[in-house]
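Comments concern the structure below.
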Amino acid sequence: MLAAIWWTIFTVCGIWGQVLVPGVDFFAPGMAISLRWQKPVVTVILALVWVAIQEGAGGLAFGYGILWYFTLFALLTLGRWLLDPGSFQFQALLGLALGSAHFLLLYLMAVLEVRAFPLKRVLFECLLQTITYPILWYTANNLFPDRLKRHEESS
Amino acid sequence: MNPKRVAIFLVAGLFVYLSLYTWNLRSGHLTRLSTYSGLDSVGMVLRPGKWLGGRAGDFVERYVSLVGLKQQNEALETEVKALRLENMTLRERAEATGRVEKLLGFPEPPEWKREGARVIAHRVGPTAILETILVDRGRLSGAVEDTPVLSTEGVVGRIYRAGLSVSTVLLLTDPSGRIAVVGRDNRAAGVVYGMGADEKLIVKYVGFTSNIEQGEILVTSGMDGVYPKGLPVARVTRVKREEGTLFMDVQAEPLVDIPRLEEVLLLKRAAKPEDTRDLWE
């Protein structure tokens, strides 16, 4: 129950964040936290909800969200083998990778849909994504209830 | 993990993804599903906040901005008088035009219904590369794709995606935005192309021999089948004639101040586009 309330508040805050800072994914740090502390099924449900939100509110045809969250999942899984997923340095590095991935994926989708690509704006948003990701992860990770962490660790 | 299994998983995943992507491009089922679920849930989250923000804004305007209200009232009264006079003259002319059209056997143009909508957000999320706004009207209130969206200043754009209670509006400044226009005074025809946020609009296909002036207002010609005729769109800011070309180089600026948009009007057809052909026969 607590997990459901926490993730609902996180998603609502994420939506408002995305309205205030367009072009940046505020849910991405949630996936890192969920993968670390929650059961895989929770991460899958959250990813489905976030994909629906990103695709529904965004301007491109369906497809970017799946690639984006799969990339994040792959980077997190690979990174966990090599580095400590709880370290800020790892998350900052991940933010850099996400910034680049955001550019590449958006460019790919824009080309596939034959859309104009606002290069300067997208580059700025990639930079924002790179900077905001570790900060949001740090904030959300510290706010994530210990009770949920302990429960997941013990199970 | 076995590298071979990972490679097979990735290739299979890519195949499934590409199949889904192409199937969705043709059918649009997944886009519709995400619009009804994602877009509407975003609207559900944003509406209460926007309502509270609006209330707070009203409070500030009502109680803090009382300074200068008397002067503003006097100025508005003068403006109302001038507009009433203009309205009287225009009504006479409109009625006279109606009578002439009837005499000449012109068919009645399709009717449009107006409905107000509130802007609840501008671009949302990482995939928002299009110039869009979100409004709090959707299919439940009769808004569908390609519904024209206006403000009191002029054309804002058209509905790009309609959810159940929220819609995404593609702005006229988006590079994929096209509006067929004519000059209000000189009737030179062209097509307005968006060039992105904070960029001037380009008016293409204005014939070299056409007459168009700087400062002239461009209105919809109705030729694109999306917007009704006569809605103000943009003001011409530059006209350049170059030898050896068929068309003029024309730039314009939108009449609408998009970043400050708070309310818009949706223009809904009383009859469906295919039905309107009957009206014109």
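In the structure tokens, the first chain shown is A, the next is B, and so on; residue numbers restart at 1 for each chain, and ligands run from 1 in the order shown.
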Please, which residues in chain A fall within 8 Å of chain B when counting only C-alpha atoms, and what is the closest atom pair and distance in Å to one decimal for each, ordered by chain then residue number, as JSON lines?
{"residue": "A:Val12", "atom": "CA", "partner": "B:Val45", "partner_atom": "CA", "distance": 6.5}
{"residue": "A:Ile15", "atom": "CA", "partner": "B:Val42", "partner_atom": "CA", "distance": 6.7}
{"residue": "A:Trp16", "atom": "CA", "partner": "B:Leu46", "partner_atom": "CA", "distance": 7.3}
{"residue": "A:Gln18", "atom": "CA", "partner": "B:Gly125", "partner_atom": "CA", "distance": 5.1}
{"residue": "A:Val19", "atom": "CA", "partner": "B:Val124", "partner_atom": "CA", "distance": 5.0}
{"residue": "A:Val21", "atom": "CA", "partner": "B:Val124", "partner_atom": "CA", "distance": 8.0}
{"residue": "A:Pro22", "atom": "CA", "partner": "B:Val124", "partner_atom": "CA", "distance": 5.2}
{"residue": "A:Gly23", "atom": "CA", "partner": "B:Pro126", "partner_atom": "CA", "distance": 3.9}
{"residue": "A:Val24", "atom": "CA", "partner": "B:Pro126", "partner_atom": "CA", "distance": 4.8}
{"residue": "A:Asp25", "atom": "CA", "partner": "B:Pro126", "partner_atom": "CA", "distance": 5.4}
{"residue": "A:Val49", "atom": "CA", "partner": "B:Gly38", "partner_atom": "CA", "distance": 7.6}
{"residue": "A:Ala52", "atom": "CA", "partner": "B:Gly38", "partner_atom": "CA", "distance": 4.7}
{"residue": "A:Ile53", "atom": "CA", "partner": "B:Gly38", "partner_atom": "CA", "distance": 3.8}
{"residue": "A:Gln54", "atom": "CA", "partner": "B:Gly125", "partner_atom": "CA", "distance": 5.9}
{"residue": "A:Glu55", "atom": "CA", "partner": "B:Ser34", "partner_atom": "CA", "distance": 5.9}
{"residue": "A:Gly56", "atom": "CA", "partner": "B:Thr35", "partner_atom": "CA", "distance": 4.1}
{"residue": "A:Ala57", "atom": "CA", "partner": "B:Leu39", "partner_atom": "CA", "distance": 4.8}
{"residue": "A:Gly58", "atom": "CA", "partner": "B:Ala128", "partner_atom": "CA", "distance": 4.7}
{"residue": "A:Gly59", "atom": "CA", "partner": "B:Ala128", "partner_atom": "CA", "distance": 5.1}
{"residue": "A:Leu60", "atom": "CA", "partner": "B:Thr127", "partner_atom": "CA", "distance": 6.3}
{"residue": "A:Ala61", "atom": "CA", "partner": "B:Thr31", "partner_atom": "CA", "distance": 6.2}
{"residue": "A:Phe62", "atom": "CA", "partner": "B:Thr31", "partner_atom": "CA", "distance": 5.2}
{"residue": "A:Gly63", "atom": "CA", "partner": "B:Tyr21", "partner_atom": "CA", "distance": 6.2}
{"residue": "A:Tyr64", "atom": "CA", "partner": "B:Thr127", "partner_atom": "CA", "distance": 7.3}
{"residue": "A:His102", "atom": "CA", "partner": "B:Pro126", "partner_atom": "CA", "distance": 8.0}
{"residue": "A:Leu106", "atom": "CA", "partner": "B:Thr127", "partner_atom": "CA", "distance": 7.0}
{"residue": "A:Arg115", "atom": "CA", "partner": "B:Ser176", "partner_atom": "CA", "distance": 7.3}
{"residue": "A:Ala116", "atom": "CA", "partner": "B:Pro175", "partner_atom": "CA", "distance": 6.3}
{"residue": "A:Phe117", "atom": "CA", "partner": "B:Ile129", "partner_atom": "CA", "distance": 7.3}
{"residue": "A:Pro118", "atom": "CA", "partner": "B:Ile129", "partner_atom": "CA", "distance": 7.2}
{"residue": "A:Val122", "atom": "CA", "partner": "B:Ile129", "partner_atom": "CA", "distance": 7.8}
Exercise. From the DSSP assignment of the backbone, select every residue of segment 61-251 of chain B that is strand (DSSP E or B), and format the answer as a ChimeraX atom specification.
Key: /B:112-121,132-135,148-150,155-162,167-171,178-183,189-193,201-204,207,217-220,232-240,247,249-251
Self-check item: Å distance separating atom CA of Trp137 of chain A from atom CA of Leu94 of chain A, one decimal place
Solution: 10.6 Å
Practice problem: For Phe88 of chain A, work out the shell of residues within 10 Å, counting only C-alpha atoms and skipping chain neighbours fewer than 2 positions away, then give it as a PyMOL selection string. | Solution: chain A and resi 84-86+90-94+134-135+137-138
Prev. selection, N, CA, C and O atoms, output as an mmCIF file, in the first residue's frame:
data_model
loop_
_atom_site.group_PDB
_atom_site.id
_atom_site.type_symbol
_atom_site.label_atom_id
_atom_site.label_comp_id
_atom_site.auth_asym_id
_atom_site.auth_seq_id
_atom_site.Cartn_x
_atom_site.Cartn_y
_atom_site.Cartn_z
ATOM 1 N N ASP A 84 28.754 0.404 -8.376
ATOM 2 C CA ASP A 84 27.794 0.364 -7.277
ATOM 3 C C ASP A 84 26.556 1.189 -7.664
ATOM 4 O O ASP A 84 26.662 2.412 -7.859
ATOM 5 N N PRO A 85 25.381 0.553 -7.792
ATOM 6 C CA PRO A 85 24.194 1.307 -8.234
ATOM 7 C C PRO A 85 23.735 2.359 -7.229
ATOM 8 O O PRO A 85 22.942 3.237 -7.563
ATOM 9 N N GLY A 86 24.237 2.291 -6.010
ATOM 10 C CA GLY A 86 23.837 3.270 -4.999
ATOM 11 C C GLY A 86 24.728 4.493 -4.953
ATOM 12 O O GLY A 86 24.478 5.421 -4.172
ATOM 13 N N PHE A 90 27.948 6.811 -10.166
ATOM 14 C CA PHE A 90 27.357 5.908 -11.162
ATOM 15 C C PHE A 90 26.121 6.560 -11.791
ATOM 16 O O PHE A 90 25.945 6.513 -13.012
ATOM 17 N N GLN A 91 25.297 7.183 -10.955
ATOM 18 C CA GLN A 91 24.076 7.807 -11.464
ATOM 19 C C GLN A 91 24.401 9.017 -12.341
ATOM 20 O O GLN A 91 23.706 9.262 -13.322
ATOM 21 N N ALA A 92 25.465 9.749 -11.984
ATOM 22 C CA ALA A 92 25.864 10.898 -12.814
ATOM 23 C C ALA A 92 26.338 10.410 -14.184
ATOM 24 O O ALA A 92 26.022 11.012 -15.221
ATOM 25 N N LEU A 93 27.067 9.307 -14.171
ATOM 26 C CA LEU A 93 27.533 8.701 -15.426
ATOM 27 C C LEU A 93 26.343 8.230 -16.268
ATOM 28 O O LEU A 93 26.310 8.413 -17.488
ATOM 29 N N LEU A 94 25.376 7.665 -15.576
ATOM 30 C CA LEU A 94 24.160 7.200 -16.239
ATOM 31 C C LEU A 94 23.397 8.386 -16.837
ATOM 32 O O LEU A 94 22.848 8.292 -17.946
ATOM 33 N N PRO A 134 20.785 12.751 -12.219
ATOM 34 C CA PRO A 134 21.391 12.382 -10.924
ATOM 35 C C PRO A 134 20.807 13.149 -9.738
ATOM 36 O O PRO A 134 20.675 12.590 -8.641
ATOM 37 N N ILE A 135 20.427 14.401 -9.973
ATOM 38 C CA ILE A 135 19.854 15.206 -8.875
ATOM 39 C C ILE A 135 18.505 14.613 -8.445
ATOM 40 O O ILE A 135 18.232 14.426 -7.260
ATOM 41 N N TRP A 137 17.507 11.579 -8.991
ATOM 42 C CA TRP A 137 17.729 10.244 -8.408
ATOM 43 C C TRP A 137 18.129 10.383 -6.932
ATOM 44 O O TRP A 137 17.603 9.661 -6.073
ATOM 45 N N TYR A 138 19.037 11.315 -6.673
ATOM 46 C CA TYR A 138 19.526 11.512 -5.297
ATOM 47 C C TYR A 138 18.360 11.905 -4.376
ATOM 48 O O TYR A 138 18.194 11.350 -3.288
#
Exercise. Tell me, as a list of chain:residue names, which residues lie within 6 Å of segment 251-263 of chain B, counting only C-alpha atoms; anything in the same chain fewer than 5 positions away does not count.
Key: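 The contact residues come out as B:Ala117, B:Arg118, B:Val119, B:Glu153, B:Gly154, B:Lys200, B:Leu201, B:Ile202, B:Val203, B:Ala234, B:Arg235, B:Val236, B:Thr237, B:Arg238.
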Quiz item: Which residue gives the smallest distance to Ala28 of chain A among A:Leu82, A:Leu143, A:Leu148, A:Ala47, with only C-alpha atoms counted?
Solution: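 Residue with the minimum atom-to-atom distance to Ala28 of chain A: A:Ala47.
Between atom CA of Glu125 of chain A and atom CA of Gln38 of chain A there is a distance of 29.4 Å.
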